[in-house]
Every structure is written in C-alpha cells, then in structure tokens.
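Reproduced below: run11.cif, with mmCIF, C-alpha atoms.
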data_model
loop_
_atom_site.group_PDB
_atom_site.id
_atom_site.type_symbol
_atom_site.label_atom_id
_atom_site.label_comp_id
_atom_site.auth_asym_id
_atom_site.auth_seq_id
_atom_site.Cartn_x
_atom_site.Cartn_y
_atom_site.Cartn_z
ATOM 1 C CA MET A 5 0.000 0.000 0.000
ATOM 2 C CA ASP A 6 1.561 3.229 -1.211
ATOM 3 C CA TYR A 7 0.221 5.219 1.726
ATOM 4 C CA GLN A 8 2.685 8.108 1.396
ATOM 5 C CA SER A 9 1.497 9.026 -2.119
ATOM 6 C CA ALA A 10 -2.137 8.528 -1.105
ATOM 7 C CA MET A 11 -1.797 10.816 1.909
ATOM 8 C CA ALA A 12 0.141 13.424 -0.107
ATOM 9 C CA ILE A 13 -2.656 13.505 -2.690
ATOM 10 C CA SER A 14 -5.378 13.896 -0.053
ATOM 11 C CA ALA A 15 -3.329 16.506 1.826
ATOM 12 C CA SER A 16 -2.907 18.561 -1.354
ATOM 13 C CA GLY A 17 -6.672 18.394 -1.890
ATOM 14 C CA MET A 18 -7.310 19.582 1.661
ATOM 15 C CA ALA A 19 -4.823 22.457 1.219
ATOM 16 C CA VAL A 20 -6.560 23.612 -1.970
ATOM 17 C CA GLU A 21 -10.006 23.489 -0.365
ATOM 18 C CA LYS A 22 -8.675 25.446 2.608
ATOM 19 C CA THR A 23 -7.346 28.105 0.210
ATOM 20 C CA ARG A 24 -10.813 28.229 -1.351
ATOM 21 C CA LEU A 25 -12.333 28.786 2.088
ATOM 22 C CA ASP A 26 -9.752 31.513 2.880
ATOM 23 C CA VAL A 27 -10.471 33.370 -0.367
ATOM 24 C CA THR A 28 -14.229 33.096 0.159
ATOM 25 C CA ALA A 29 -13.827 34.471 3.677
ATOM 26 C CA LEU A 30 -11.723 37.324 2.253
ATOM 27 C CA ASN A 31 -14.442 38.119 -0.294
ATOM 28 C CA LEU A 32 -17.183 38.139 2.348
ATOM 29 C CA ALA A 33 -15.084 40.226 4.725
ATOM 30 C CA ASN A 34 -14.544 42.836 1.992
ATOM 31 C CA ALA A 35 -18.141 42.874 0.751
ATOM 32 C CA SER A 36 -18.583 46.443 2.038
ATOM 33 C CA SER A 37 -15.056 47.764 1.411
ATOM 34 C CA THR A 38 -15.184 50.874 -0.728
ATOM 35 C CA ARG A 39 -11.450 51.394 -1.058
ATOM 36 C CA ALA A 40 -8.480 48.999 -1.221
ATOM 37 C CA GLY A 41 -5.183 50.808 -1.808
ATOM 38 C CA GLY A 42 -6.678 53.372 -4.204
ATOM 39 C CA ALA A 43 -8.668 50.876 -6.284
ATOM 40 C CA LEU A 44 -11.850 48.980 -5.479
ATOM 41 C CA TYR A 45 -11.488 45.469 -3.991
ATOM 42 C CA GLN A 46 -11.824 42.789 -6.675
ATOM 43 C CA PRO A 47 -13.727 39.585 -5.802
ATOM 44 C CA LEU A 48 -11.291 36.668 -6.043
ATOM 45 C CA THR A 49 -11.654 33.036 -7.068
ATOM 46 C CA VAL A 50 -9.236 30.087 -6.792
ATOM 47 C CA ILE A 51 -8.136 28.215 -9.921
ATOM 48 C CA SER A 52 -6.781 24.722 -9.212
ATOM 49 C CA ALA A 53 -5.224 22.158 -11.535
ATOM 50 C CA PRO A 54 -3.722 18.670 -11.249
ATOM 51 C CA ARG A 55 -0.164 18.754 -9.947
ATOM 52 C CA GLN A 56 2.185 17.276 -12.496
ATOM 53 C CA SER A 57 5.750 16.109 -12.277
ATOM 54 C CA ALA A 58 8.383 17.899 -14.364
ATOM 55 C CA GLY A 59 8.809 15.162 -16.938
ATOM 56 C CA PHE A 60 5.115 14.274 -17.082
ATOM 57 C CA ALA A 61 4.577 15.163 -20.726
ATOM 58 C CA ARG A 62 7.769 13.393 -21.769
ATOM 59 C CA ALA A 63 6.860 10.264 -19.797
ATOM 60 C CA MET A 64 3.387 10.199 -21.331
ATOM 61 C CA ALA A 65 4.840 10.498 -24.839
ATOM 62 C CA ALA A 66 7.512 7.878 -24.195
ATOM 63 C CA TRP A 67 5.223 5.229 -22.723
ATOM 64 C CA GLY A 68 1.996 5.930 -24.542
ATOM 65 C CA ARG A 69 0.012 5.573 -21.337
ATOM 66 C CA THR A 70 0.240 6.486 -17.681
ATOM 67 C CA MET A 71 3.099 4.518 -16.178
ATOM 68 C CA PRO A 72 4.147 4.215 -12.502
ATOM 69 C CA ALA A 73 6.524 7.157 -13.009
ATOM 70 C CA ALA A 74 3.477 9.340 -13.679
ATOM 71 C CA LEU A 75 1.108 8.252 -10.922
ATOM 72 C CA PRO A 76 -1.423 10.816 -9.664
ATOM 73 C CA ARG A 77 0.249 13.596 -7.720
ATOM 74 C CA GLY A 78 -2.698 15.518 -6.327
ATOM 75 C CA VAL A 79 -3.819 19.070 -6.910
ATOM 76 C CA GLU A 80 -2.397 22.554 -6.531
ATOM 77 C CA VAL A 81 -3.563 26.168 -6.664
ATOM 78 C CA VAL A 82 -2.344 27.645 -9.951
ATOM 79 C CA GLU A 83 -3.901 31.082 -9.643
ATOM 80 C CA VAL A 84 -6.025 33.288 -7.413
ATOM 81 C CA ARG A 85 -7.780 35.390 -10.021
ATOM 82 C CA ALA A 86 -10.197 38.327 -9.901
ATOM 83 C CA THR A 87 -13.642 37.197 -11.043
ATOM 84 C CA GLY A 88 -14.202 40.383 -13.050
ATOM 85 C CA VAL A 89 -17.734 40.846 -11.709
ATOM 86 C CA PRO A 90 -18.583 44.574 -12.128
ATOM 87 C CA PRO A 91 -18.970 46.610 -8.937
ATOM 88 C CA ARG A 92 -22.336 47.103 -7.298
ATOM 89 C CA LEU A 93 -23.453 50.781 -7.427
ATOM 90 C CA VAL A 94 -25.472 52.047 -4.473
ATOM 91 C CA TYR A 95 -26.944 55.546 -4.289
ATOM 92 C CA GLU A 96 -25.468 57.100 -1.113
ATOM 93 C CA PRO A 97 -24.723 60.796 -1.754
ATOM 94 C CA SER A 98 -23.535 61.375 1.810
ATOM 95 C CA HIS A 99 -20.838 58.642 1.600
ATOM 96 C CA PRO A 100 -17.285 60.049 1.370
ATOM 97 C CA ASP A 101 -16.482 57.674 -1.541
ATOM 98 C CA ALA A 102 -19.538 58.624 -3.589
ATOM 99 C CA ASP A 103 -18.930 59.754 -7.186
ATOM 100 C CA ALA A 104 -20.254 62.964 -8.777
ATOM 101 C CA LYS A 105 -23.714 61.460 -9.251
ATOM 102 C CA GLY A 106 -23.870 60.226 -5.629
ATOM 103 C CA TYR A 107 -23.224 56.525 -6.341
ATOM 104 C CA VAL A 108 -20.846 54.437 -4.202
ATOM 105 C CA ALA A 109 -19.139 51.447 -5.861
ATOM 106 C CA TYR A 110 -19.100 48.303 -3.710
ATOM 107 C CA PRO A 111 -17.263 45.116 -4.798
ATOM 108 C CA GLY A 112 -19.450 42.816 -6.900
ATOM 109 C CA ILE A 113 -19.721 40.114 -4.228
ATOM 110 C CA ASN A 114 -22.817 37.925 -4.138
ATOM 111 C CA PRO A 115 -23.242 36.563 -0.590
ATOM 112 C CA VAL A 116 -25.313 33.618 -1.854
ATOM 113 C CA THR A 117 -22.571 32.541 -4.275
ATOM 114 C CA GLU A 118 -19.977 32.847 -1.536
ATOM 115 C CA MET A 119 -22.064 30.766 0.896
ATOM 116 C CA VAL A 120 -22.490 28.048 -1.748
ATOM 117 C CA ASN A 121 -18.714 28.138 -2.298
ATOM 118 C CA ILE A 122 -18.181 27.657 1.443
ATOM 119 C CA ILE A 123 -20.473 24.620 1.532
ATOM 120 C CA ALA A 124 -18.883 23.065 -1.585
ATOM 121 C CA ALA A 125 -15.352 23.613 -0.260
ATOM 122 C CA THR A 126 -16.281 22.136 3.144
ATOM 123 C CA ARG A 127 -17.791 19.028 1.555
ATOM 124 C CA ALA A 128 -14.766 18.582 -0.724
ATOM 125 C CA TYR A 129 -12.458 18.963 2.289
ATOM 126 C CA GLU A 130 -14.410 16.253 4.121
ATOM 127 C CA ALA A 131 -14.207 13.938 1.101
ATOM 128 C CA ASN A 132 -10.415 14.377 1.031
ATOM 129 C CA LEU A 133 -10.327 13.601 4.741
ATOM 130 C CA ALA A 134 -12.351 10.428 4.157
ATOM 131 C CA ALA A 135 -9.869 9.360 1.467
ATOM 132 C CA MET A 136 -6.964 9.962 3.829
ATOM 133 C CA ASN A 137 -8.608 7.930 6.607
ATOM 134 C CA ALA A 138 -9.287 5.113 4.129
ATOM 135 C CA ALA A 139 -5.616 5.080 3.134
ATOM 136 C CA ARG A 140 -4.642 4.858 6.793
ATOM 137 C CA THR A 141 -7.040 1.958 7.400
ATOM 138 C CA MET A 142 -5.739 0.094 4.347
ATOM 139 C CA ALA A 143 -2.106 0.569 5.354
ATOM 140 C CA GLN A 144 -2.832 -0.601 8.905
ATOM 141 C CA ARG A 145 -4.635 -3.728 7.662
ATOM 142 C CA ALA A 146 -1.739 -4.452 5.297
ATOM 143 C CA LEU A 147 0.517 -4.695 8.351
ATOM 144 C CA ASP A 148 -1.552 -7.708 9.487
ATOM 145 C CA ILE A 149 -0.615 -9.861 6.467
ATOM 146 C CA GLY A 150 0.335 -13.316 7.669
ATOM 147 C CA GLY A 151 -1.182 -12.746 11.079
ATOM 148 C CA THR A 152 -2.962 -15.490 12.993
ATOM 149 C CA GLN A 153 -6.330 -15.278 11.227
ATOM 150 C CA MET B 5 1.410 -27.184 -5.122
ATOM 151 C CA THR B 6 0.608 -25.318 -8.336
ATOM 152 C CA THR B 7 -2.270 -23.339 -6.861
ATOM 153 C CA GLU B 8 0.158 -21.617 -4.544
ATOM 154 C CA SER B 9 1.989 -19.575 -7.165
ATOM 155 C CA THR B 10 -1.126 -18.565 -9.122
ATOM 156 C CA THR B 11 -3.075 -17.614 -5.991
ATOM 157 C CA LEU B 12 -0.196 -15.550 -4.675
ATOM 158 C CA SER B 13 0.387 -13.914 -8.080
ATOM 159 C CA LEU B 14 -3.296 -13.072 -8.454
ATOM 160 C CA LEU B 15 -3.540 -11.691 -4.917
ATOM 161 C CA ARG B 16 -0.399 -9.621 -5.409
ATOM 162 C CA LEU B 17 -1.740 -8.171 -8.672
ATOM 163 C CA ALA B 18 -5.165 -7.499 -7.179
ATOM 164 C CA LEU B 19 -3.650 -5.770 -4.138
ATOM 165 C CA ASP B 20 -1.498 -3.625 -6.445
ATOM 166 C CA ALA B 21 -4.588 -2.767 -8.476
ATOM 167 C CA ALA B 22 -6.608 -1.849 -5.360
ATOM 168 C CA SER B 23 -3.745 0.298 -4.094
ATOM 169 C CA MET B 24 -3.475 2.064 -7.461
ATOM 170 C CA ARG B 25 -7.257 2.478 -7.535
ATOM 171 C CA HIS B 26 -7.098 4.228 -4.181
ATOM 172 C CA LEU B 27 -4.548 6.683 -5.622
ATOM 173 C CA ALA B 28 -6.816 7.317 -8.615
ATOM 174 C CA ILE B 29 -9.891 7.908 -6.423
ATOM 175 C CA ALA B 30 -7.931 10.156 -4.022
ATOM 176 C CA ASP B 31 -6.696 12.176 -7.012
ATOM 177 C CA ASN B 32 -10.225 12.430 -8.431
ATOM 178 C CA ILE B 33 -11.492 13.729 -5.088
ATOM 179 C CA ALA B 34 -8.578 16.162 -4.694
ATOM 180 C CA ASN B 35 -9.221 17.527 -8.198
ATOM 181 C CA ALA B 36 -13.004 17.748 -7.776
ATOM 182 C CA GLY B 37 -12.769 21.535 -8.191
ATOM 183 C CA SER B 38 -10.174 21.626 -10.990
ATOM 184 C CA ALA B 39 -11.671 22.765 -14.273
ATOM 185 C CA GLY B 40 -10.735 20.550 -17.206
ATOM 186 C CA TYR B 41 -9.507 17.649 -15.052
ATOM 187 C CA VAL B 42 -10.260 14.237 -16.556
ATOM 188 C CA PRO B 43 -11.012 11.599 -13.859
ATOM 189 C CA GLN B 44 -8.753 8.538 -13.789
ATOM 190 C CA GLN B 45 -9.675 4.887 -13.354
ATOM 191 C CA VAL B 46 -7.716 1.635 -13.110
ATOM 192 C CA ASN B 47 -7.791 -0.954 -15.861
ATOM 193 C CA PHE B 48 -7.272 -4.357 -14.250
ATOM 194 C CA GLU B 49 -10.329 -6.653 -14.118
ATOM 195 C CA GLN B 50 -10.780 -6.275 -17.884
ATOM 196 C CA GLN B 51 -7.424 -8.026 -18.357
ATOM 197 C CA LEU B 52 -8.533 -11.137 -16.434
ATOM 198 C CA GLY B 53 -11.082 -12.368 -18.972
ATOM 199 C CA PHE B 54 -8.871 -15.282 -20.005
ATOM 200 C CA ALA B 55 -8.556 -16.396 -16.366
ATOM 201 C CA ARG B 56 -12.339 -16.462 -15.935
ATOM 202 C CA GLN B 57 -12.706 -18.434 -19.178
ATOM 203 C CA SER B 58 -10.172 -21.103 -18.256
ATOM 204 C CA LEU B 59 -11.607 -21.459 -14.745
ATOM 205 C CA ALA B 60 -15.137 -21.736 -16.163
ATOM 206 C CA ALA B 61 -13.877 -24.496 -18.481
ATOM 207 C CA GLY B 62 -12.495 -26.347 -15.461
ATOM 208 C CA LEU B 63 -8.860 -25.820 -16.442
ATOM 209 C CA PRO B 64 -6.186 -24.804 -13.938
ATOM 210 C CA LEU B 65 -4.696 -21.343 -14.292
ATOM 211 C CA GLN B 66 -1.111 -21.301 -15.525
ATOM 212 C CA ALA B 67 1.170 -19.101 -13.447
ATOM 213 C CA GLY B 68 2.969 -17.753 -16.528
ATOM 214 C CA SER B 69 -0.283 -16.534 -18.047
ATOM 215 C CA LEU B 70 -0.472 -13.731 -15.486
ATOM 216 C CA ASP B 71 2.864 -12.196 -16.535
ATOM 217 C CA ALA B 72 1.253 -9.865 -19.064
ATOM 218 C CA VAL B 73 -1.414 -8.660 -16.597
ATOM 219 C CA GLN B 74 -0.510 -5.274 -15.191
ATOM 220 C CA PRO B 75 -2.910 -2.718 -13.671
ATOM 221 C CA TYR B 76 -2.603 0.715 -15.259
ATOM 222 C CA LEU B 77 -4.326 4.083 -15.072
ATOM 223 C CA GLU B 78 -6.533 5.361 -17.854
ATOM 224 C CA PRO B 79 -8.872 8.348 -18.209
ATOM 225 C CA VAL B 80 -12.548 7.610 -17.564
ATOM 226 C CA PRO B 81 -14.177 7.451 -21.030
ATOM 227 C CA GLY B 82 -16.720 10.159 -21.721
ATOM 228 C CA ALA B 83 -15.994 11.877 -18.444
ATOM 229 C CA HIS B 84 -17.016 15.503 -18.425
ATOM 230 C CA LEU B 85 -19.196 15.317 -15.374
ATOM 231 C CA SER B 86 -19.879 18.160 -13.025
ATOM 232 C CA SER B 87 -17.643 18.122 -9.985
ATOM 233 C CA THR B 88 -20.460 17.866 -7.434
ATOM 234 C CA ALA B 89 -21.869 14.782 -9.150
ATOM 235 C CA THR B 90 -18.542 12.972 -9.103
ATOM 236 C CA LEU B 91 -17.664 13.729 -5.472
ATOM 237 C CA ASP B 92 -20.305 11.452 -3.928
ATOM 238 C CA MET B 93 -19.673 8.710 -6.493
ATOM 239 C CA GLU B 94 -15.955 8.844 -5.779
ATOM 240 C CA VAL B 95 -16.508 8.570 -2.020
ATOM 241 C CA ALA B 96 -18.774 5.568 -2.614
ATOM 242 C CA ARG B 97 -16.085 3.963 -4.797
ATOM 243 C CA LEU B 98 -13.534 4.800 -2.120
ATOM 244 C CA SER B 99 -15.288 2.822 0.618
ATOM 245 C CA GLN B 100 -15.985 -0.030 -1.801
ATOM 246 C CA ASN B 101 -12.303 -0.175 -2.719
ATOM 247 C CA THR B 102 -11.225 -0.088 0.928
ATOM 248 C CA LEU B 103 -13.468 -3.069 1.713
ATOM 249 C CA HIS B 104 -12.202 -4.886 -1.376
ATOM 250 C CA TYR B 105 -8.599 -4.301 -0.300
ATOM 251 C CA GLN B 106 -9.310 -5.640 3.185
ATOM 252 C CA SER B 107 -11.012 -8.757 1.815
ATOM 253 C CA LEU B 108 -7.981 -9.389 -0.420
ATOM 254 C CA LEU B 109 -5.737 -9.083 2.631
ATOM 255 C CA ARG B 110 -7.960 -11.563 4.475
ATOM 256 C CA ALA B 111 -7.701 -13.979 1.558
ATOM 257 C CA LEU B 112 -3.918 -13.641 1.601
ATOM 258 C CA SER B 113 -3.796 -14.366 5.332
ATOM 259 C CA ARG B 114 -6.048 -17.417 4.899
ATOM 260 C CA HIS B 115 -3.792 -18.670 2.125
ATOM 261 C CA THR B 116 -0.690 -18.408 4.278
ATOM 262 C CA ALA B 117 -2.592 -20.103 7.117
ATOM 263 C CA ILE B 118 -3.302 -23.056 4.815
ATOM 264 C CA LEU B 119 0.393 -23.229 3.906
ATOM 265 C CA SER B 120 1.249 -23.105 7.589
ATOM 266 C CA THR B 121 -1.091 -26.026 8.245
ATOM 267 C CA ALA B 122 0.632 -28.025 5.499
ATOM 268 C CA ILE B 123 4.070 -27.210 6.890
ATOM 269 C CA ASN B 124 2.988 -28.366 10.369
ATOM 270 C CA GLU B 125 1.612 -31.634 8.896
ATOM 271 C CA GLY B 126 -1.884 -30.788 10.012
ATOM 272 C CA ARG B 127 -0.932 -30.293 13.624
ATOM 273 C CA ARG B 128 -1.671 -27.058 15.376
#
Take the structure in the file and write it out as structure tokens.
Amino acid sequence: MDYQSAMAISASGMAVEKTRLDVTALNLANASSTRAGGALYQPLTVISAPRQSAGFARAMAAWGRTMPAALPRGVEVVEVRATGVPPRLVYEPSHPDADAKGYVAYPGINPVTEMVNIIAATRAYEANLAAMNAARTMAQRALDIGGTQ
Amino acid sequence: MTTESTTLSLLRLALDAASMRHLAIADNIANAGSAGYVPQQVNFEQQLGFARQSLAAGLPLQAGSLDAVQPYLEPVPGAHLSSTATLDMEVARLSQNTLHYQSLLRALSRHTAILSTAINEGRR
C-alpha cells in the first residue's frame, strides 16, 4: 500500500479546499469595502489544476500511457484570479467615496454565491479527509498480512 | 502445489490494483474543483477475462499466463461530469475499494494459514 502518495494527494486536496475557504472568507469580509489601496477590492476566485511532475509530458509520450513514473500527484492552486464581476453601485450621496452622481461602488460580491462556495469547499475537504482515513485503514490492515487469522 | 503460485500472483496483482485504484480515487477527489480535469480509473479486471474463461472451463490457471497482466491508469471514457456529481460517487467507490482491499488481505492471510497447516503436517 503506497500510503505516502495517497496521503500526499489527499493533503494537497485539503490544502486547496482550505485556500478556497480563505479566499471566500476574504471576499465576504470585503463585501462592504469601498477602497483597497486606491482601487476597489476585486472579488477573487481560486483556480486549481492537477499537480504534475516535471517530466510528465515526456513520460506520457515515451510510454503511450500512464506509467508508474506518472502516478497521480494531487492538486495545486495555480492562480487566485479576480472574477471580473462589475462593482455594485449604491446611491449614497452622503458617503465620502460617492462619485459625482452620488453613487458608491461596492465590490461585486454575491453573498449567496460565496455561501455556496463555502459549503462546496467544506464538503470537498471532508471527502479528502475520508480518502486519507481510508488510506490509513488500508495501510494498517496491510501490516496484518500473515497474522494469525 | 501449483495453486500456490497462481493464488499468490493473483492476490499480489489485485492488491497492487486496489492500491493504485485508491490513488486514482484520491486524485479524483482532490481535483473535484479543478476545471478541465479528466477523472482517472484503473484498468485491471478487464485483463482477467482469459482467467475467468479457463476457470469456467475447469482448467487450472497457468502461473505464466499472469505475466502480461498489469494494472494501469486510464482516463474515464466520456468523463465531463460536473464536480459535485462525481464527489459522492468517488466517495462511494472509495469505501468499496477499501473493503475490497481488506477482503484481499484476508484472503492472503487465509492462504498463508493453509500453507502453515501443510508445513505443520496438520498439527496445530
């Protein structure tokens, strides 16, 4: 039982989901921020992709299929990107950051979307945890080979 | 004892396949949120068709016939499923694979117990 690879894969999945939760929390915390270093806060999203070894493409080409040298290696965050959602304009003439027409630009953060992201990331984190516990159980049982059963 | 080598070879291959399948499932779960990721699966049972045929015909399995059998990873055909749909299926496959692995280990232990009985000439 290759428990080290299995646990590394599940750990990378948990790290990515935790990053997703962090970014979602950052978005929610800044939902009412009207300035962020001169510009308006941009809602962020996490882009993840399979983690690949350096010679992955070469190994694939050489062997024609996935060989032991190119076993799954988990997941990694490749980018934390602005979603590009336009800002939300609210009419508040008395606000110090209001424009000439009296509109204040708030970041385009949808609380419902962010809450759904939280739930999805939590469930994915739990699934990774289940996979890690399964790997541990399998490795422990493998130690009993040849036991008095 | 010709059954010894084939049983051990088959169990070794099946344990390798189950271990590799766990890696594939863990990777599928870890990449549940990665856009463009193609889920992986293990090709193993498909390669054992000849073994089932010879056993069904009442013929013993030759140890050398298993040399070409090797579990390997392949992309799931036609897989462009939404990530939420795959997550629960993958967890279900995960627990199924864990049970399968444990039953293979039990079979291996039973097999060595039988050998031990033979070595001890039937005595305890």
Please, which residues in chain B fall within 9 Å of chain A when counting all atoms listed in the file, and what is the closest atom pair and distance in Å to one decimal for each, ordered by chain then residue number, as CSV?
residue,atom,partner,partner_atom,distance
B:Leu19,CA,A:Met5,CA,8.0
B:Asp20,CA,A:Met5,CA,7.5
B:Ala22,CA,A:Met5,CA,8.7
B:Ser23,CA,A:Met5,CA,5.6
B:Met24,CA,A:Asp6,CA,8.1
B:His26,CA,A:Ala10,CA,7.3
B:Leu27,CA,A:Ala10,CA,5.4
B:Ala28,CA,A:Pro76,CA,6.5
B:Ile29,CA,A:Ala135,CA,8.0
B:Ala30,CA,A:Ala135,CA,5.9
B:Asp31,CA,A:Gly78,CA,5.3
B:Asn32,CA,A:Gly78,CA,8.4
B:Ile33,CA,A:Asn132,CA,6.2
B:Ala34,CA,A:Gly17,CA,4.1
B:Asn35,CA,A:Val79,CA,5.8
B:Ala36,CA,A:Ala128,CA,7.3
B:Gly37,CA,A:Ser52,CA,6.9
B:Ser38,CA,A:Ser52,CA,4.9
B:Ala39,CA,A:Ala53,CA,7.0
B:Gly40,CA,A:Ala53,CA,8.1
B:Tyr41,CA,A:Pro54,CA,7.0
B:Gln44,CA,A:Pro76,CA,8.7
B:Tyr76,CA,A:Thr70,CA,6.9
B:Leu77,CA,A:Thr70,CA,5.8
B:Glu78,CA,A:Thr70,CA,6.9
B:Thr88,CA,A:Ala124,CA,8.0
B:Leu91,CA,A:Ala128,CA,7.4
B:Asp92,CA,A:Ala131,CA,8.3
B:Glu94,CA,A:Ala131,CA,8.7
B:Val95,CA,A:Ala131,CA,6.6
B:Leu98,CA,A:Ala135,CA,6.9
B:Ser99,CA,A:Ala138,CA,7.3
B:Thr102,CA,A:Ala138,CA,6.4
B:Leu103,CA,A:Met142,CA,8.8
B:Tyr105,CA,A:Met142,CA,7.0
B:Gln106,CA,A:Arg145,CA,6.7
B:Leu109,CA,A:Ile149,CA,6.4
B:Arg110,CA,A:Ile149,CA,7.8
B:Leu112,CA,A:Ile149,CA,7.0
B:Ser113,CA,A:Gly150,CA,4.9
B:Arg114,CA,A:Gln153,CA,6.7
B:His115,CA,A:Gly150,CA,8.7
B:Thr116,CA,A:Gly150,CA,6.2
B:Ala117,CA,A:Gln153,CA,7.4
Return the padded bounding box of range 129-137 of chain A as lines of an AutoDock Vina configuration file: axis-aligned, built from all atoms listed in the file, 6 Å added on each side, with centre and edge lengths in Å to one decimal.
center_x = -10.7
center_y = 13.4
center_z = 3.8
size_x = 19.4
size_y = 23.0
size_z = 17.6
Expected selection from the PyMOL selection byres ((chain B and resi 55) around 12), given as a VMD selection string: chain B and resid 10 to 11 14 49 to 54 56 to 70 73
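Taking all atoms listed in the file into account, the polymer residues that have an atom no farther than 7 Å from (-18.4, 49.1, -1.5) are Ala35, Ser36, Ser37, Thr38, Val108, Ala109, Tyr110 and Pro111 of chain A.
Our summary of the geometry notes that CA of Gly112 in chain A is positioned 5.6 Å from CA of Pro90 in chain A.
Going from CA of Tyr45 in chain A over to CA of Val84 in chain A, you cover 13.8 Å.
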State, in Å with one decimal place, the distance from CA of Pro115 in chain A to CA of Gly88 in chain A. 15.9 Å
